[in-house]
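Everything on this sheet refers to the single structure shown next.
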Number of protein chains: 2
Amino acid sequence: MKDRAVSEAVVRRLLKYYRVLNILDNKGVDRISSGQLGKRTGFTASQIRQDLNYFGGFGQQGYGYHIKTLKNEISSIFGLDRKYSMVVIGAGNIGQALAGYPNFSIRGFNISAIFDNNPAIIGKHLNNILVRDISELKDFAKENCVDIGIIATPAGTTEMVAAQLKEAGIKSILNFSPYDLFMEGIIVENINLIDSLYTLGFKMKNGNRFKKSAESEGIND
Amino acid sequence: MKDRAVSEAVVRRLLKYYRVLNILDNKGVDRISSGQLGKRTGFTASQIRQDLNYFGGFGQQGYGYHIKTLKNEISSIFGLDRKYSMVVIGAGNIGQALAGYPNFSIRGFNISAIFDNNPAIIGKHLNNILVRDISELKDFAKENCVDIGIIATPAGTTEMVAAQLKEAGIKSILNFSPYDLFMEGIIVENINLIDSLYTLGFKMKNGNRFKKSAESEGIND
């Protein structure tokens, strides 16, 4: 692997390749060319070869890519060959939805606890996950080697909760609050539900002017 | 406005500019230079000028951008100067969380009904929104001019539900199911929660190799 930086767009494309490879592997397909992978993901064959060459190739001229091998390589690039322990902060609507979302644990991302500051809900279980007092976060995170903290608290609390997660030694955050979080020394992924609706609004208004699969930048030094 | 296509990355950057402009406007700030806007969003001044020139400029040399004007222009580009009517399909965990999410209606995206096929929940209210029988979708959508359908049903039902939304004359879909939807003749925005965790995994594993704000492609012809 070359030691260069990778952009958000490359990460998103790799995730699309990974999803298609999983589907094909489950169907028993053995190999795929960059052209075929392009048709299924909306990217050009040369874009795909460029992305995969960057991580060490994996393909052979005239043969294409061996699906199981490529799938495992991408899985390893993303660190999906291990389990992650997560906590959710906030036992409201979004926290409850996340606790009941079966796909997380299937993919190796386990919610080990939910934290809240409301005595009325502390001690209860959401989908078999105990709601604990937020004051226990630090001890719990250290004892249980928590990797990821999910923020599902109301707007206005985001930075305070993020600081508590960082203080507890948690290295990364998935942020569902409507406030975009940027914090030094911790990895953050913001999920902004309103932005998704705004993007729909843009596409509805601008129709044909919107370019599909236009993540055409390469890998940036 | 020039008649060229706009990429996903440009849309995402405009949304970031818009958010910062709203914050500054609320603080009573009157104008901002592209350099200052760059510092607050992580993009270069020239990237920002390029994006905004594409939509007709709005700035003046030596003065910068008038915040209220630029905010209103972006709002108009995104079609945020109107209201949208939405329906949610699926009254499970995610549907319930969406029904209770206050930010949607504040921003002009109103959920007018929830649909499900489970008799045990049809007729009940979630956060004052009536759960209706999915068989009523088509009539309801036509009578209420529904713009957006939100898919919050279990995996395996996505394409069927999308076809029902299209059949009901709904023009765009926000898809929360773990299945990436692509459908001719309807605008789709996929929200893949697992991809966000995979991206966190990638950043945790690859650390410094990940390039922040690396959406460096321009506007593509």
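Chain identifiers are assigned as A, B, and so on, following the order in which chains appear in the structure tokens; residues are numbered from 1 within each chain, and ligands are numbered from 1 in order of appearance.
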
At most 10 Å is the cut-off: for each residue in range 125-150 of chain A with any atom that close to an atom of range 188-195 of chain A, write down the nearest atom pair and the distance in Å rounded to one decimal, counting only C-alpha atoms, chain first then increasing number, as a Markdown table.
| residue | atom | partner | partner_atom | distance |
| --- | --- | --- | --- | --- |
| A:Ile148 | CA | A:Val188 | CA | 9.6 |
| A:Gly149 | CA | A:Val188 | CA | 9.6 |
| A:Ile150 | CA | A:Glu189 | CA | 9.6 |

Range 37-40 of chain B: which residues within 10 Å, counting only C-alpha atoms, same-chain residues fewer than 3 positions away excluded, as a PDB file with C-alpha atoms, in the first residue's frame?
ATOM      1  CA  LYS B  16     -21.788  23.207   4.036  1.00  0.00           C
ATOM      2  CA  TYR B  17     -21.624  26.821   2.849  1.00  0.00           C
ATOM      3  CA  VAL B  20     -22.182  28.249   7.905  1.00  0.00           C
ATOM      4  CA  LEU B  21     -24.048  31.185   6.320  1.00  0.00           C
ATOM      5  CA  ILE B  32     -17.916  37.141   4.423  1.00  0.00           C
ATOM      6  CA  SER B  33     -14.967  36.671   2.047  1.00  0.00           C
ATOM      7  CA  SER B  34     -14.344  33.409   0.220  1.00  0.00           C
ATOM      8  CA  PHE B  43     -12.344  24.203   1.458  1.00  0.00           C
ATOM      9  CA  THR B  44     -10.042  26.578  -0.413  1.00  0.00           C
ATOM     10  CA  ALA B  45     -11.143  30.110  -1.309  1.00  0.00           C
ATOM     11  CA  SER B  46     -10.715  29.339  -5.000  1.00  0.00           C
ATOM     12  CA  GLN B  47     -12.869  26.214  -4.697  1.00  0.00           C
ATOM     13  CA  ILE B  48     -15.621  28.305  -3.102  1.00  0.00           C
ATOM     14  CA  ARG B  49     -15.414  31.035  -5.758  1.00  0.00           C
ATOM     15  CA  GLY B  64     -16.894  39.388  -0.440  1.00  0.00           C
ATOM     16  CA  TYR B  65     -20.361  37.906  -0.205  1.00  0.00           C
TER      17      TYR B  65
END

Please run DSSP on the backbone and report, as a count of residues only, all residues within chain B that come out as strand (DSSP E). 40

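For the residues A:Ala120, A:Ile106, A:Leu181, A:Leu98, ranking by smallest atom-to-atom distance to Ala155 in chain A using only C-alpha atoms places A:Leu181 first.
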
Who sits within 10 Å of Ser76 in chain A, only C-alpha atoms, same chain under 6 positions skipped, as a short mmCIF file (atom, residue, chain, number, x, y, z; two decimals) with N, CA, C and O atoms, in the first residue's frame:
data_model
loop_
_atom_site.label_atom_id
_atom_site.label_comp_id
_atom_site.auth_asym_id
_atom_site.auth_seq_id
_atom_site.Cartn_x
_atom_site.Cartn_y
_atom_site.Cartn_z
N LEU A 70 -10.80 -10.09 -3.81
CA LEU A 70 -10.98 -8.62 -3.80
C LEU A 70 -11.88 -8.20 -2.63
O LEU A 70 -11.60 -7.22 -1.93
N ARG A 82 -12.62 -7.48 11.92
CA ARG A 82 -12.63 -7.49 13.39
C ARG A 82 -14.00 -7.02 13.86
O ARG A 82 -14.85 -6.61 13.07
N PHE B 202 -12.71 2.50 8.40
CA PHE B 202 -11.62 2.85 7.48
C PHE B 202 -10.73 3.93 8.08
O PHE B 202 -9.50 3.84 8.08
N LYS B 205 -8.64 2.67 10.95
CA LYS B 205 -7.52 1.81 10.54
C LYS B 205 -6.46 2.58 9.77
O LYS B 205 -5.27 2.29 9.89
#

When you count only C-alpha atoms, which of these residues is closest to Phe55 in chain B: B:Asp30, B:Leu14, B:Leu126, B:Ile23? B:Leu14

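Between CA of Lys203 in chain B and CA of Gly56 in chain A there is a distance of 18.4 Å.
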
Can you tell me, as number ranges by chain, which residues in chain B count as alpha helix (DSSP H) by DSSP? B: 8-26, 34-41, 45-54, 67-77, 93-99, 103-106, 137-143, 158-167, 193-206

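Shortest atom-to-atom contact with chain B among A:Tyr101, A:Phe115, A:Phe109, A:Phe78: A:Phe78, counting only C-alpha atoms.
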
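Interatomic distance, CA of Phe176 in chain A against CA of Gly100 in chain A: 15.6 Å.
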
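All residues of protein, DNA or RNA that reach within 9 Å of Phe140 in chain B, judged by only C-alpha atoms and not counting those fewer than 6 positions away in the chain, are Ala113, Val146 and Ala168 of chain B.
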